[in-house]
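Below: entry-v5.cif (mmCIF, C-alpha atoms)
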data_input
loop_
_atom_site.label_atom_id
_atom_site.label_comp_id
_atom_site.auth_asym_id
_atom_site.auth_seq_id
_atom_site.Cartn_x
_atom_site.Cartn_y
_atom_site.Cartn_z
CA MET B 807 -71.26 -64.87 22.03
CA SER B 808 -70.43 -61.23 21.59
CA GLY B 809 -69.51 -60.87 17.96
CA ASN B 810 -70.59 -57.35 17.16
CA SER B 811 -67.99 -54.97 15.81
CA GLU B 812 -67.93 -52.77 18.90
CA THR B 813 -66.86 -55.64 21.17
CA THR B 814 -64.30 -56.80 18.65
CA LEU B 815 -62.86 -53.31 18.49
CA MET B 816 -62.71 -53.14 22.30
CA ALA B 817 -60.91 -56.47 22.40
CA THR B 818 -58.41 -55.20 19.87
CA ASP B 819 -57.81 -52.08 21.93
CA ARG B 820 -57.27 -54.21 24.99
CA PHE B 821 -54.81 -56.38 23.10
CA ARG B 822 -52.85 -53.28 22.02
CA GLU B 823 -52.87 -51.98 25.54
CA LEU B 824 -51.56 -55.31 26.84
CA VAL B 825 -48.79 -55.26 24.24
CA ASN B 826 -47.84 -51.78 25.44
CA ILE B 827 -47.79 -52.92 29.05
CA ILE B 828 -45.53 -55.87 28.20
CA ILE B 829 -43.22 -53.63 26.16
CA THR B 830 -42.92 -51.16 29.04
CA GLN B 831 -42.02 -53.98 31.44
CA ALA B 832 -39.65 -55.52 28.88
CA GLN B 833 -37.88 -52.19 28.50
CA GLU B 834 -37.35 -52.04 32.26
CA LEU B 835 -36.06 -55.59 32.29
CA ASN B 836 -33.79 -54.82 29.32
CA GLU B 837 -31.76 -52.48 31.51
CA GLU B 838 -30.54 -55.56 33.37
CA LEU B 839 -30.19 -57.87 30.37
CA GLU B 840 -27.15 -58.49 28.23
CA ASP B 841 -29.22 -60.01 25.42
CA LYS B 842 -32.07 -57.59 25.23
CA ILE B 843 -35.67 -58.24 24.24
CA ASP B 844 -36.18 -56.74 20.79
CA VAL B 845 -38.99 -54.39 21.82
CA ASP B 846 -38.96 -52.69 18.40
CA ALA B 847 -40.40 -55.88 16.96
CA ARG B 848 -43.42 -55.30 19.24
CA GLU B 849 -45.80 -58.31 19.09
CA ASP B 850 -43.23 -60.40 17.25
CA ALA B 851 -40.44 -59.90 19.79
CA PRO B 852 -39.30 -63.36 20.95
CA LEU B 853 -39.30 -63.91 24.71
CA PHE B 854 -38.82 -67.51 25.77
CA GLY B 855 -38.29 -70.69 23.81
CA LYS B 856 -36.21 -71.54 20.79
CA GLU B 857 -35.62 -68.04 19.47
CA GLY B 858 -36.35 -66.34 22.78
CA ILE B 859 -33.56 -64.75 24.76
CA LEU B 860 -34.89 -64.95 28.30
CA LYS B 861 -33.55 -67.40 30.81
CA SER B 862 -36.15 -68.83 33.15
CA ILE B 863 -35.48 -66.46 36.09
CA GLU B 864 -35.72 -63.50 33.74
CA LEU B 865 -38.99 -64.87 32.40
CA VAL B 866 -40.20 -65.13 36.00
CA ASN B 867 -39.26 -61.49 36.55
CA LEU B 868 -41.03 -60.38 33.38
CA ILE B 869 -44.19 -62.36 34.10
CA VAL B 870 -44.43 -61.08 37.67
CA ALA B 871 -43.90 -57.49 36.50
CA VAL B 872 -46.48 -57.84 33.72
CA GLU B 873 -48.99 -59.45 36.09
CA GLN B 874 -48.70 -56.58 38.53
CA ALA B 875 -48.92 -53.95 35.80
CA VAL B 876 -52.01 -55.60 34.28
CA GLU B 877 -53.62 -55.95 37.71
CA ASP B 878 -53.08 -52.26 38.36
CA GLN B 879 -54.20 -51.13 34.92
CA PHE B 880 -57.34 -53.26 34.64
CA ASP B 881 -58.16 -53.72 38.33
CA VAL B 882 -58.27 -57.51 38.03
CA PHE B 883 -56.44 -60.36 39.71
CA LEU B 884 -54.38 -62.34 37.32
CA THR B 885 -52.28 -65.46 37.64
CA LEU B 886 -50.44 -66.10 34.41
CA ALA B 887 -48.41 -69.13 35.38
CA ASP B 888 -50.77 -72.07 35.45
CA GLU B 889 -50.20 -75.73 34.76
CA LYS B 890 -51.69 -75.42 31.28
CA ALA B 891 -49.35 -72.58 30.35
CA MET B 892 -46.29 -74.46 31.53
CA SER B 893 -47.09 -77.50 29.45
CA GLN B 894 -48.59 -75.94 26.34
CA LYS B 895 -46.98 -76.93 23.09
CA THR B 896 -47.34 -73.43 21.75
CA SER B 897 -45.93 -71.55 24.68
CA PRO B 898 -47.83 -68.41 25.64
CA PHE B 899 -44.45 -66.97 26.56
CA LYS B 900 -42.95 -67.36 23.09
CA THR B 901 -43.41 -63.77 21.94
CA ILE B 902 -44.83 -60.53 23.27
CA GLY B 903 -47.89 -61.02 21.06
CA ALA B 904 -48.45 -64.58 22.31
CA LEU B 905 -48.19 -63.35 25.88
CA ALA B 906 -50.68 -60.53 25.27
CA ALA B 907 -53.15 -62.95 23.68
CA TYR B 908 -52.71 -65.34 26.60
CA ILE B 909 -53.34 -62.56 29.14
CA GLU B 910 -56.54 -61.62 27.29
CA LYS B 911 -57.69 -65.23 27.49
CA ARG B 912 -56.91 -65.38 31.21
CA MET B 913 -58.73 -62.11 31.86
CA ASP B 914 -61.84 -63.44 30.08
CA GLU B 915 -61.68 -66.65 32.12
CA GLU B 916 -61.41 -64.62 35.34
CA MET B 917 -64.44 -62.53 34.37
CA ASP B 918 -66.45 -65.66 33.55
CA GLN B 919 -65.67 -67.01 37.01
CA ALA B 920 -66.62 -63.79 38.77
CA MET R 1103 -26.99 -52.17 43.74
CA ASN R 1104 -29.97 -53.01 41.67
CA PRO R 1105 -30.11 -50.58 38.77
CA SER R 1106 -33.77 -51.13 38.00
CA PRO R 1107 -35.66 -47.87 38.08
CA GLU R 1108 -38.37 -47.54 40.70
CA LYS R 1109 -40.42 -44.66 39.49
CA LYS R 1110 -43.97 -45.88 39.36
CA ALA R 1111 -46.61 -43.56 40.69
CA GLY R 1112 -47.70 -44.35 44.20
CA GLU R 1113 -44.46 -45.96 45.24
CA LYS R 1114 -43.12 -44.44 48.37
CA MET R 1115 -39.65 -45.93 48.21
CA GLU R 1116 -36.66 -43.79 48.94
CA HIS R 1117 -33.81 -46.24 48.43
CA PRO R 1118 -34.48 -49.01 45.96
CA GLY R 1119 -32.36 -52.13 46.10
CA ASP R 1120 -31.42 -52.13 49.72
CA TYR R 1121 -32.55 -51.53 53.22
CA ASN R 1122 -32.72 -48.03 54.58
CA GLU R 1123 -32.34 -47.98 58.33
CA ASN R 1124 -34.10 -44.66 58.67
CA ARG R 1125 -37.22 -45.94 56.98
CA THR R 1126 -40.05 -47.58 58.88
CA PRO R 1127 -40.02 -51.34 58.18
CA VAL R 1128 -43.25 -52.70 56.71
CA THR R 1129 -44.18 -56.01 58.34
CA LEU R 1130 -47.00 -58.35 57.40
CA ILE R 1131 -48.16 -60.85 60.03
CA THR R 1132 -50.88 -63.43 59.40
CA GLY R 1133 -53.31 -64.54 62.09
CA THR R 1134 -53.15 -61.42 64.25
CA SER R 1135 -56.52 -61.59 65.98
CA ARG R 1136 -55.20 -63.59 68.89
CA GLY R 1137 -52.36 -65.63 70.37
CA ILE R 1138 -48.82 -65.32 69.08
CA GLY R 1139 -49.87 -63.32 66.01
CA ARG R 1140 -51.49 -60.66 68.11
CA PHE R 1141 -48.48 -60.55 70.41
CA LEU R 1142 -46.07 -60.27 67.47
CA ALA R 1143 -48.11 -57.49 65.88
CA ARG R 1144 -47.90 -55.45 69.05
CA HIS R 1145 -44.24 -56.39 69.51
CA TYR R 1146 -43.27 -55.02 66.09
CA LEU R 1147 -45.52 -51.99 66.46
CA GLY R 1148 -43.59 -51.34 69.66
CA MET R 1149 -40.38 -51.49 67.64
CA GLY R 1150 -41.72 -48.84 65.29
CA HIS R 1151 -42.75 -51.06 62.39
CA LYS R 1152 -45.72 -50.42 60.16
CA VAL R 1153 -47.69 -53.62 60.71
CA ILE R 1154 -50.32 -55.17 58.46
CA GLY R 1155 -52.26 -58.06 59.92
CA CYS R 1156 -55.05 -60.35 58.88
CA SER R 1157 -57.44 -62.86 60.29
CA ARG R 1158 -60.73 -64.40 59.29
CA LYS R 1159 -62.60 -62.25 61.77
CA PRO R 1160 -62.42 -58.49 62.36
CA GLY R 1161 -59.68 -57.44 64.76
CA ASP R 1162 -60.77 -56.32 68.22
CA TRP R 1163 -57.80 -54.05 68.76
CA SER R 1164 -56.26 -51.18 66.84
CA HIS R 1165 -53.18 -49.01 66.61
CA ASP R 1166 -52.26 -45.97 64.50
CA SER R 1167 -49.63 -47.94 62.60
CA TYR R 1168 -51.67 -51.09 62.19
CA ASP R 1169 -53.85 -52.09 59.22
CA HIS R 1170 -56.14 -55.07 59.66
CA HIS R 1171 -57.56 -57.12 56.79
CA ILE R 1172 -60.24 -59.75 56.99
CA ALA R 1173 -58.78 -62.55 54.94
CA ASP R 1174 -58.85 -66.30 54.66
CA VAL R 1175 -55.23 -67.36 54.12
CA THR R 1176 -56.38 -70.32 52.03
CA LYS R 1177 -58.10 -68.06 49.46
CA GLU R 1178 -55.82 -66.83 46.72
CA LYS R 1179 -57.98 -63.76 46.08
CA ASP R 1180 -57.92 -62.75 49.74
CA VAL R 1181 -54.14 -63.07 49.87
CA LYS R 1182 -53.74 -61.08 46.67
CA THR R 1183 -56.08 -58.40 48.03
CA VAL R 1184 -53.95 -57.99 51.17
CA LEU R 1185 -50.74 -57.71 49.14
CA LYS R 1186 -52.30 -55.31 46.67
CA ALA R 1187 -53.35 -53.04 49.55
CA ILE R 1188 -49.77 -53.11 50.90
CA ARG R 1189 -48.37 -52.35 47.45
CA ASN R 1190 -50.73 -49.42 47.00
CA SER R 1191 -50.21 -47.99 50.49
CA TYR R 1192 -46.50 -48.57 51.05
CA GLY R 1193 -45.00 -49.72 47.75
CA ARG R 1194 -42.94 -52.33 49.53
CA LEU R 1195 -42.85 -55.12 52.07
CA ASP R 1196 -39.83 -55.85 54.26
CA ASN R 1197 -41.01 -58.68 56.49
CA LEU R 1198 -43.54 -61.48 56.32
CA ILE R 1199 -44.35 -63.53 59.41
CA ASN R 1200 -46.45 -66.52 58.36
CA ASN R 1201 -47.99 -67.15 61.75
CA ALA R 1202 -51.55 -68.21 60.85
CA GLY R 1203 -51.97 -71.88 61.50
CA ILE R 1204 -54.27 -74.44 63.00
CA ALA R 1205 -53.62 -77.65 64.87
CA ALA R 1206 -55.54 -80.87 65.14
CA MET R 1207 -54.84 -83.51 67.73
CA ASN R 1208 -56.40 -86.83 67.09
CA HIS R 1209 -55.38 -90.38 66.64
CA MET R 1210 -54.99 -90.72 62.89
CA LEU R 1211 -57.63 -93.46 62.81
CA LEU R 1212 -60.05 -90.90 64.16
CA THR R 1213 -59.05 -87.90 62.07
CA PRO R 1214 -61.85 -86.73 59.77
CA THR R 1215 -60.98 -85.89 56.16
CA ALA R 1216 -62.42 -82.41 56.61
CA VAL R 1217 -59.89 -81.77 59.38
CA VAL R 1218 -57.04 -83.01 57.19
CA GLU R 1219 -58.08 -80.63 54.43
CA ARG R 1220 -58.49 -77.69 56.79
CA VAL R 1221 -55.09 -78.19 58.41
CA LEU R 1222 -53.26 -78.69 55.12
CA ASN R 1223 -54.99 -75.73 53.49
CA THR R 1224 -54.34 -73.31 56.31
CA ASN R 1225 -50.83 -74.39 57.21
CA VAL R 1226 -49.38 -75.37 53.83
CA LEU R 1227 -51.43 -73.58 51.18
CA GLY R 1228 -51.79 -70.44 53.32
CA THR R 1229 -48.06 -70.27 54.01
CA PHE R 1230 -47.28 -70.86 50.34
CA LEU R 1231 -49.67 -68.20 49.05
CA PHE R 1232 -48.32 -65.55 51.39
CA CYS R 1233 -44.72 -66.50 50.54
CA ARG R 1234 -45.44 -66.28 46.82
CA GLU R 1235 -47.38 -63.04 46.84
CA SER R 1236 -45.07 -61.36 49.36
CA ALA R 1237 -41.93 -62.36 47.46
CA ARG R 1238 -43.38 -60.72 44.36
CA LEU R 1239 -43.54 -57.43 46.21
CA MET R 1240 -40.27 -57.90 48.11
CA LYS R 1241 -38.32 -58.62 44.92
CA LYS R 1242 -39.04 -55.13 43.63
CA HIS R 1243 -36.55 -53.82 46.16
CA ASN R 1244 -34.25 -56.82 46.36
CA TYR R 1245 -34.92 -57.14 50.05
CA GLY R 1246 -37.14 -59.34 52.15
CA ARG R 1247 -37.38 -61.46 55.27
CA ILE R 1248 -39.85 -64.32 55.45
CA VAL R 1249 -40.37 -66.28 58.66
CA ASN R 1250 -42.52 -69.40 58.60
CA PHE R 1251 -43.82 -71.43 61.51
CA SER R 1252 -42.83 -75.02 62.16
CA THR R 1253 -43.27 -76.80 65.48
CA VAL R 1254 -41.45 -79.20 67.81
CA ALA R 1255 -44.02 -81.76 66.66
CA VAL R 1256 -41.94 -82.16 63.47
CA PRO R 1257 -38.62 -83.29 65.01
CA LEU R 1258 -40.38 -85.06 67.91
CA LYS R 1259 -42.75 -86.89 65.55
CA LEU R 1260 -45.51 -86.54 68.09
CA GLU R 1261 -48.23 -89.16 68.28
CA GLY R 1262 -51.69 -87.73 67.83
CA GLU R 1263 -50.46 -84.97 65.57
CA ALA R 1264 -49.97 -86.81 62.29
CA ILE R 1265 -51.60 -84.22 60.08
CA TYR R 1266 -50.49 -81.19 62.05
CA ALA R 1267 -46.87 -82.40 62.10
CA ALA R 1268 -47.03 -83.44 58.45
CA SER R 1269 -48.36 -80.00 57.45
CA LYS R 1270 -45.53 -78.32 59.35
CA ALA R 1271 -42.97 -80.69 57.84
CA ALA R 1272 -44.26 -79.43 54.50
CA VAL R 1273 -43.73 -75.87 55.71
CA VAL R 1274 -40.14 -76.76 56.66
CA THR R 1275 -39.41 -78.19 53.21
CA LEU R 1276 -41.12 -75.20 51.59
CA THR R 1277 -38.84 -72.98 53.69
CA HIS R 1278 -35.71 -74.83 52.53
CA VAL R 1279 -36.63 -74.72 48.85
CA ALA R 1280 -38.02 -71.17 48.89
CA ALA R 1281 -34.78 -70.03 50.56
CA ARG R 1282 -32.87 -71.26 47.51
CA GLU R 1283 -35.31 -69.93 44.92
CA LEU R 1284 -35.65 -66.51 46.52
CA ALA R 1285 -32.00 -66.02 47.50
CA GLN R 1286 -31.19 -64.30 44.24
CA LEU R 1287 -33.99 -61.81 44.94
CA GLY R 1288 -32.45 -60.70 48.23
CA ILE R 1289 -35.10 -62.53 50.25
CA THR R 1290 -34.29 -64.82 53.16
CA VAL R 1291 -36.71 -67.55 54.24
CA ASN R 1292 -36.39 -69.16 57.67
CA ALA R 1293 -38.63 -70.87 60.18
CA VAL R 1294 -39.13 -70.92 63.91
CA GLY R 1295 -40.23 -74.11 65.66
CA PRO R 1296 -42.01 -73.26 68.89
CA THR R 1297 -42.63 -75.65 71.76
CA PRO R 1298 -46.12 -75.74 73.23
CA ILE R 1299 -47.14 -72.29 74.41
CA GLN R 1300 -50.20 -71.55 76.51
CA THR R 1301 -52.48 -70.49 73.64
CA ASP R 1302 -55.80 -71.57 72.20
CA LEU R 1303 -53.86 -73.97 69.99
CA ILE R 1304 -53.16 -76.32 72.91
CA ALA R 1305 -56.23 -75.46 74.97
CA GLY R 1306 -57.76 -78.85 74.26
CA VAL R 1307 -54.70 -80.91 75.10
CA GLY R 1308 -54.64 -82.68 78.44
CA PRO R 1309 -52.03 -81.73 81.07
CA ASP R 1310 -50.54 -85.25 81.06
CA LYS R 1311 -49.82 -85.04 77.37
CA ILE R 1312 -48.21 -81.62 77.69
CA GLU R 1313 -46.13 -82.87 80.63
CA ALA R 1314 -44.89 -85.87 78.63
CA LEU R 1315 -44.06 -83.63 75.71
CA LEU R 1316 -42.12 -81.13 77.82
CA LYS R 1317 -39.97 -84.00 79.17
CA ARG R 1318 -38.60 -84.54 75.70
CA GLN R 1319 -37.23 -80.98 75.58
CA ALA R 1320 -33.75 -80.18 76.92
CA LEU R 1321 -35.40 -77.22 78.62
CA PRO R 1322 -38.64 -78.71 79.95
CA ARG R 1323 -40.99 -75.77 80.20
CA LEU R 1324 -43.77 -74.23 78.12
CA GLY R 1325 -42.57 -71.61 75.68
CA THR R 1326 -43.53 -67.96 75.86
CA PHE R 1327 -44.48 -65.46 73.18
CA GLU R 1328 -41.22 -63.67 73.96
CA ASP R 1329 -39.22 -66.83 73.17
CA VAL R 1330 -40.79 -66.91 69.72
CA ALA R 1331 -40.40 -63.17 69.12
CA ASN R 1332 -36.70 -63.41 70.03
CA VAL R 1333 -36.03 -65.89 67.21
CA ILE R 1334 -38.06 -63.85 64.74
CA ASP R 1335 -36.24 -60.65 65.77
CA PHE R 1336 -33.00 -62.39 64.83
CA PHE R 1337 -34.28 -63.56 61.42
CA LEU R 1338 -35.67 -60.09 60.60
CA ARG R 1339 -32.48 -58.19 61.40
CA LYS R 1340 -30.89 -56.70 58.31
CA GLU R 1341 -27.61 -58.22 59.54
CA SER R 1342 -29.21 -61.67 59.12
CA GLY R 1343 -29.00 -61.42 55.33
CA PHE R 1344 -26.58 -64.39 55.21
CA ILE R 1345 -28.96 -66.66 57.12
CA THR R 1346 -31.56 -68.48 55.06
CA GLY R 1347 -33.24 -71.87 54.85
CA GLN R 1348 -32.78 -72.41 58.59
CA VAL R 1349 -35.16 -73.69 61.23
CA ILE R 1350 -34.57 -72.69 64.83
CA THR R 1351 -36.41 -75.00 67.18
CA LEU R 1352 -37.06 -73.81 70.71
CA GLY R 1353 -36.65 -75.70 73.96
CA GLY R 1354 -33.59 -77.71 72.97
CA VAL R 1355 -35.42 -80.27 70.88
#
Just dump the structure as structure tokens.
Amino acid sequence: MSGNSETTLMATDRFRELVNIIITQAQELNEELEDKIDVDAREDAPLFGKEGILKSIELVNLIVAVEQAVEDQFDVFLTLADEKAMSQKTSPFKTIGALAAYIEKRMDEEMDQA
Amino acid sequence: MNPSPEKKAGEKMEHPGDYNENRTPVTLITGTSRGIGRFLARHYLGMGHKVIGCSRKPGDWSHDSYDHHIADVTKEKDVKTVLKAIRNSYGRLDNLINNAGIAAMNHMLLTPTAVVERVLNTNVLGTFLFCRESARLMKKHNYGRIVNFSTVAVPLKLEGEAIYAASKAAVVTLTHVAARELAQLGITVNAVGPTPIQTDLIAGVGPDKIEALLKRQALPRLGTFEDVANVIDFFLRKESGFITGQVITLGGV
């Protein structure tokens, strides 16, 4: 376990950076959307699900764009859509914050495997 | 036109959202170390394409416009590495030719499980991974051509090729469904079904068996690399944008 404050701070920075990446990609996607993602709400912006505004193909577009941006930024390989994600009760695609937290989890899993 | 801005650093795209005839097409071909893949790589280099190829072993030939990657098509990381290199170097992909494949000819009662896994992984998983990763890059520019490989063994239901034919039947169904899912991204997905061709793939098959097989074709001869390239040329043409989910089988099967 890495519980010292420095690691926690780094994790927080990474989370913020991920949120920024998702917002950038959401802004690009917004140019094509009638119902736009509320990027001003940042982490709380709904994406997919009950309050979310994305239809499934738009979610696909967003996830693919975010994956590529994260791969470029962090030099990792990332596959966000897995069977767990698609069947989770609390969808990792519900809000921008949920998505960022989910990406962090996936990145840690990837590093553990490496 | 697709209004999405394409302004990321490193992207060398001039005309997002459609196909620019003055630009060099970027073509990815799997399994280019030998056989049809090698022929197709040289064929499209000859037509002025930028060609990216891969195989499990290092390539023994080179060309100014050719990049070779050592990759196992069944390994997700290898496939992603190839596509990442294409994204970084060219910022786009126009054509994917999913040529890499292996055959196994055995009576099913004598087919080892390891062979089944190898054939399914290479032919089905490999084709799927390249389709998925390539479509992710192609969609950025709302343009793409994917050509998969089936075989006459699918419609002819050839004895001795249960797993090979089954794996290619899976590729055909993948082609049909992918064509529908990727249509809205400007990507066509089609397949070519070659007859036997004199390559390593049929090196171990007896002449009697080949003879019997050829008799079931309307045009009873072995295929050539050129026959295969001709079908792929047609699928890759920008004018073929209204053709998707189709399988063209050679030899009149």
Test item: residues at most 8 Å from B:Val876, all atoms listed in the file, excluding those fewer than 5 positions along its chain, as a list in words: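 Counting only the stated atoms, we get Leu824, Ile827, Asp881, Val882 and Leu884 of chain B.
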Selected residue, from B:Thr901, B:Thr830, B:Thr818, B:Thr896, that lies nearest to chain R when counting all atoms listed in the file: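 Of B:Thr901, B:Thr830, B:Thr818, B:Thr896, the one nearest chain R is B:Thr830, counting all atoms listed in the file.
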Given the PyMOL selection byres ((chain B) within 9 of (chain R)), the residues it picks as a list in words: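 Against this file, the PyMOL selection byres ((chain B) within 9 of (chain R)) returns the residues Glu834, Leu835, Glu837, Glu838, Asn867, Val870, Ala871, Gln874, Asp878 and Phe883 of chain B.
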Selection result for the PyMOL selection byres ((chain B and resi 908) around 10) on this file, as a list in words: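 Against this file, the PyMOL selection byres ((chain B and resi 908) around 10) returns the residues Phe821, Leu886, Ala891, Ser897, Pro898, Phe899, Ile902, Gly903, Ala904, Leu905, Ala906, Ala907, Ile909, Glu910, Lys911, Arg912, Met913 and Asp914 of chain B.
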Point-to-point distance in Å for atom CA of B:Asp844 and atom CA of B:Ser862: 17.3 Å
Coordinates-based distance that separates atom CA of R:Phe1230 from atom CA of R:Ser1191 (Å, one decimal):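 Pair atom CA of R:Ser1191 / atom CA of R:Phe1230 returns 23.1 Å.
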Chain and number of each residue from the PyMOL selection byres ((chain R and resi 1173) around 8), as a PyMOL selection string: chain R and resi 1156-1159+1171-1172+1174-1175+1177+1180-1181+1184
